[in-house]
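Here's work17.cif, which has mmCIF, C-alpha atoms, pLDDT in the B column; chains and numbers go by the auth columns:
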data_entry
#
loop_
_atom_site.group_PDB
_atom_site.id
_atom_site.type_symbol
_atom_site.label_atom_id
_atom_site.label_comp_id
_atom_site.label_asym_id
_atom_site.label_seq_id
_atom_site.Cartn_x
_atom_site.Cartn_y
_atom_site.Cartn_z
_atom_site.B_iso_or_equiv
_atom_site.auth_seq_id
_atom_site.auth_asym_id
ATOM 1 C CA TRP A 1 -1.072 14.354 2.201 68.00 253 A
ATOM 2 C CA SER A 2 1.352 14.630 5.062 75.00 254 A
ATOM 3 C CA ALA A 3 4.161 12.512 6.449 79.00 255 A
ATOM 4 C CA ALA A 4 5.446 12.027 9.989 83.00 256 A
ATOM 5 C CA SER A 5 7.757 9.791 11.982 85.00 257 A
ATOM 6 C CA ARG A 6 9.047 9.404 15.515 87.00 258 A
ATOM 7 C CA LYS A 7 12.249 11.293 16.224 87.00 259 A
ATOM 8 C CA VAL A 8 14.533 8.267 16.408 88.00 260 A
ATOM 9 C CA PRO A 9 16.946 7.208 13.649 86.00 261 A
ATOM 10 C CA GLU A 10 15.281 3.861 12.891 88.00 262 A
ATOM 11 C CA ALA A 11 11.729 5.243 12.729 88.00 263 A
ATOM 12 C CA ALA A 12 9.866 4.857 9.449 87.00 264 A
ATOM 13 C CA TYR A 13 7.752 7.615 7.962 82.00 265 A
ATOM 14 C CA LYS A 14 3.978 7.169 7.873 83.00 266 A
ATOM 15 C CA PHE A 15 1.981 8.880 5.142 79.00 267 A
ATOM 16 C CA PHE A 16 -1.497 10.285 5.731 76.00 268 A
ATOM 17 C CA ALA A 17 -3.905 11.253 2.960 72.00 269 A
ATOM 18 C CA TRP A 18 -6.879 13.569 3.149 70.00 270 A
ATOM 19 C CA ASP A 19 -9.253 15.021 0.582 67.00 271 A
ATOM 20 C CA SER A 20 -8.708 11.963 -1.602 63.00 272 A
ATOM 21 C CA ASP A 21 -11.731 12.887 -3.685 60.00 273 A
ATOM 22 C CA VAL A 22 -9.273 14.852 -5.831 58.00 274 A
ATOM 23 C CA LEU A 23 -8.248 11.503 -7.298 60.00 275 A
ATOM 24 C CA ILE A 24 -11.479 11.321 -9.289 61.00 276 A
ATOM 25 C CA ARG A 25 -11.058 14.756 -10.856 58.00 277 A
ATOM 26 C CA THR A 26 -9.920 15.006 -14.434 57.00 278 A
ATOM 27 C CA THR A 27 -6.321 15.929 -15.157 57.00 279 A
ATOM 28 C CA LEU A 28 -6.960 17.000 -18.750 57.00 280 A
ATOM 29 C CA ASN A 29 -6.509 20.679 -17.924 57.00 281 A
ATOM 30 C CA ALA A 30 -4.206 20.283 -14.931 57.00 282 A
ATOM 31 C CA ASN A 31 -0.490 20.872 -14.742 56.00 283 A
ATOM 32 C CA VAL A 32 0.431 17.549 -13.168 54.00 284 A
ATOM 33 C CA ILE A 33 4.163 18.110 -13.563 55.00 285 A
ATOM 34 C CA ASN A 34 4.448 20.729 -10.808 55.00 286 A
ATOM 35 C CA ARG A 35 1.756 19.517 -8.416 56.00 287 A
ATOM 36 C CA GLY A 36 4.037 18.218 -5.658 62.00 288 A
ATOM 37 C CA GLY A 37 3.252 15.274 -3.425 68.00 289 A
ATOM 38 C CA PRO A 38 4.654 11.795 -2.820 71.00 290 A
ATOM 39 C CA GLU A 39 5.697 11.426 -6.454 74.00 291 A
ATOM 40 C CA ASN A 40 8.297 14.132 -5.906 77.00 292 A
ATOM 41 C CA MET A 41 9.817 12.123 -3.061 79.00 293 A
ATOM 42 C CA TRP A 42 9.719 8.928 -5.144 83.00 294 A
ATOM 43 C CA SER A 43 11.453 10.671 -8.035 84.00 295 A
ATOM 44 C CA SER A 44 14.184 11.846 -5.682 85.00 296 A
ATOM 45 C CA VAL A 45 14.861 8.682 -3.689 88.00 297 A
ATOM 46 C CA ARG A 46 14.808 6.307 -6.641 90.00 298 A
ATOM 47 C CA ARG A 47 17.990 7.958 -7.939 92.00 299 A
ATOM 48 C CA HIS A 48 19.990 6.739 -4.927 94.00 300 A
ATOM 49 C CA PRO A 49 21.669 3.320 -5.244 95.00 301 A
ATOM 50 C CA GLU A 50 21.157 2.605 -1.526 96.00 302 A
ATOM 51 C CA PHE A 51 17.415 3.126 -1.869 94.00 303 A
ATOM 52 C CA ARG A 52 17.196 0.972 -4.988 95.00 304 A
ATOM 53 C CA MET A 53 19.041 -1.831 -3.180 97.00 305 A
ATOM 54 C CA LEU A 54 16.750 -1.524 -0.149 95.00 306 A
ATOM 55 C CA LEU A 55 13.710 -1.650 -2.437 95.00 307 A
ATOM 56 C CA ALA A 56 15.094 -4.698 -4.265 97.00 308 A
ATOM 57 C CA ASP A 57 15.812 -6.417 -0.939 97.00 309 A
ATOM 58 C CA ARG A 58 12.268 -5.774 0.261 96.00 310 A
ATOM 59 C CA ALA A 59 10.783 -7.017 -3.012 97.00 311 A
ATOM 60 C CA GLN A 60 12.870 -10.188 -2.734 98.00 312 A
ATOM 61 C CA LYS A 61 11.813 -10.676 0.889 97.00 313 A
ATOM 62 C CA PHE A 62 8.083 -10.257 0.325 97.00 314 A
ATOM 63 C CA PHE A 63 7.492 -11.575 -3.215 97.00 315 A
ATOM 64 C CA PHE A 64 9.781 -14.647 -3.318 97.00 316 A
ATOM 65 C CA ASN A 65 10.785 -17.730 -1.302 95.00 317 A
ATOM 66 C CA GLY A 66 7.647 -17.979 0.829 94.00 318 A
ATOM 67 C CA GLY A 67 7.428 -14.236 1.514 96.00 319 A
ATOM 68 C CA MET A 68 4.207 -12.609 2.697 95.00 320 A
ATOM 69 C CA LEU A 69 3.117 -11.640 -0.832 96.00 321 A
ATOM 70 C CA THR A 70 3.834 -14.888 -2.669 97.00 322 A
ATOM 71 C CA SER A 71 0.794 -16.476 -4.298 96.00 323 A
ATOM 72 C CA ASP A 72 0.628 -19.381 -1.845 96.00 324 A
ATOM 73 C CA ARG A 73 0.738 -17.108 1.218 96.00 325 A
ATOM 74 C CA VAL A 74 -1.825 -14.648 -0.150 96.00 326 A
ATOM 75 C CA ILE A 75 -4.194 -17.460 -1.149 97.00 327 A
ATOM 76 C CA ALA A 76 -3.823 -19.024 2.310 96.00 328 A
ATOM 77 C CA GLN A 77 -4.634 -15.686 3.971 96.00 329 A
ATOM 78 C CA LEU A 78 -7.696 -15.196 1.764 96.00 330 A
ATOM 79 C CA ASP A 79 -8.856 -18.760 2.442 97.00 331 A
ATOM 80 C CA GLU A 80 -8.510 -18.141 6.188 97.00 332 A
ATOM 81 C CA LEU A 81 -10.491 -14.917 5.934 96.00 333 A
ATOM 82 C CA ALA A 82 -13.180 -16.621 3.833 96.00 334 A
ATOM 83 C CA ALA A 83 -13.490 -19.402 6.414 96.00 335 A
ATOM 84 C CA ARG A 84 -13.833 -16.861 9.249 96.00 336 A
ATOM 85 C CA ILE A 85 -16.597 -14.885 7.556 95.00 337 A
ATOM 86 C CA GLU A 86 -18.512 -17.784 5.982 94.00 338 A
ATOM 87 C CA SER A 87 -20.903 -18.311 8.919 93.00 339 A
ATOM 88 C CA PRO A 88 -21.642 -14.595 9.416 92.00 340 A
ATOM 89 C CA ILE A 89 -22.356 -14.223 5.708 92.00 341 A
ATOM 90 C CA ILE A 90 -24.785 -17.146 5.818 91.00 342 A
ATOM 91 C CA ALA A 91 -26.484 -15.589 8.852 90.00 343 A
ATOM 92 C CA GLU A 92 -26.770 -12.188 7.162 90.00 344 A
ATOM 93 C CA THR A 93 -28.069 -13.774 3.973 90.00 345 A
ATOM 94 C CA ALA A 94 -30.744 -15.613 5.956 88.00 346 A
ATOM 95 C CA ARG A 95 -31.627 -12.414 7.777 86.00 347 A
ATOM 96 C CA TRP A 96 -31.881 -10.108 4.775 86.00 348 A
ATOM 97 C CA GLY A 97 -32.677 -12.557 1.992 72.00 349 A
#

Encoding of this model in structure tokens:
Amino acid sequence: WSAASRKVPEAAYKFFAWDSDVLIRTTLNANVINRGGPENMWSSVRRHPEFRMLLADRAQKFFFNGGMLTSDRVIAQLDELAARIESPIIAETARWG
């Protein structure tokens, strides 16, 4: 994985993964404690009270009070997507059987 951001104070980091096939490998004989990666960053930032408050604020924003990830909003988005793809699915079903 790698991470990058624009060089301005308010820029957020973006994370990029590659070779994700390693996720399906067994970890029975691996030393997963010293492997490095995003977990190391998570372990570090979660110790900071400012980060925990930011995370709690974001969770409140998105998961409660009509936020983007509340059940009603997610169901509405899925219903909209289902309505948009219904006709193409019928056409493909008719085409391929």

Calculate how many Å separate CA of Ile337 (chain A) from CA of Ser323 (chain A), rounding to one decimal. 21.1 Å

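Near (0.0, 16.1, 5.9), the residues inside the 8 Å limit, counting only C-alpha atoms, come to Trp253, Ser254, Ala255, Ala256, Phe267, Phe268, Ala269 and Trp270 of chain A.
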
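Interatomic distance, CA of Pro290 (chain A) against CA of Arg258 (chain A): 19.0 Å.
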
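CA of Trp294 (chain A) to CA of Leu307 (chain A) spans 11.6 Å [interatomic distance, one decimal].
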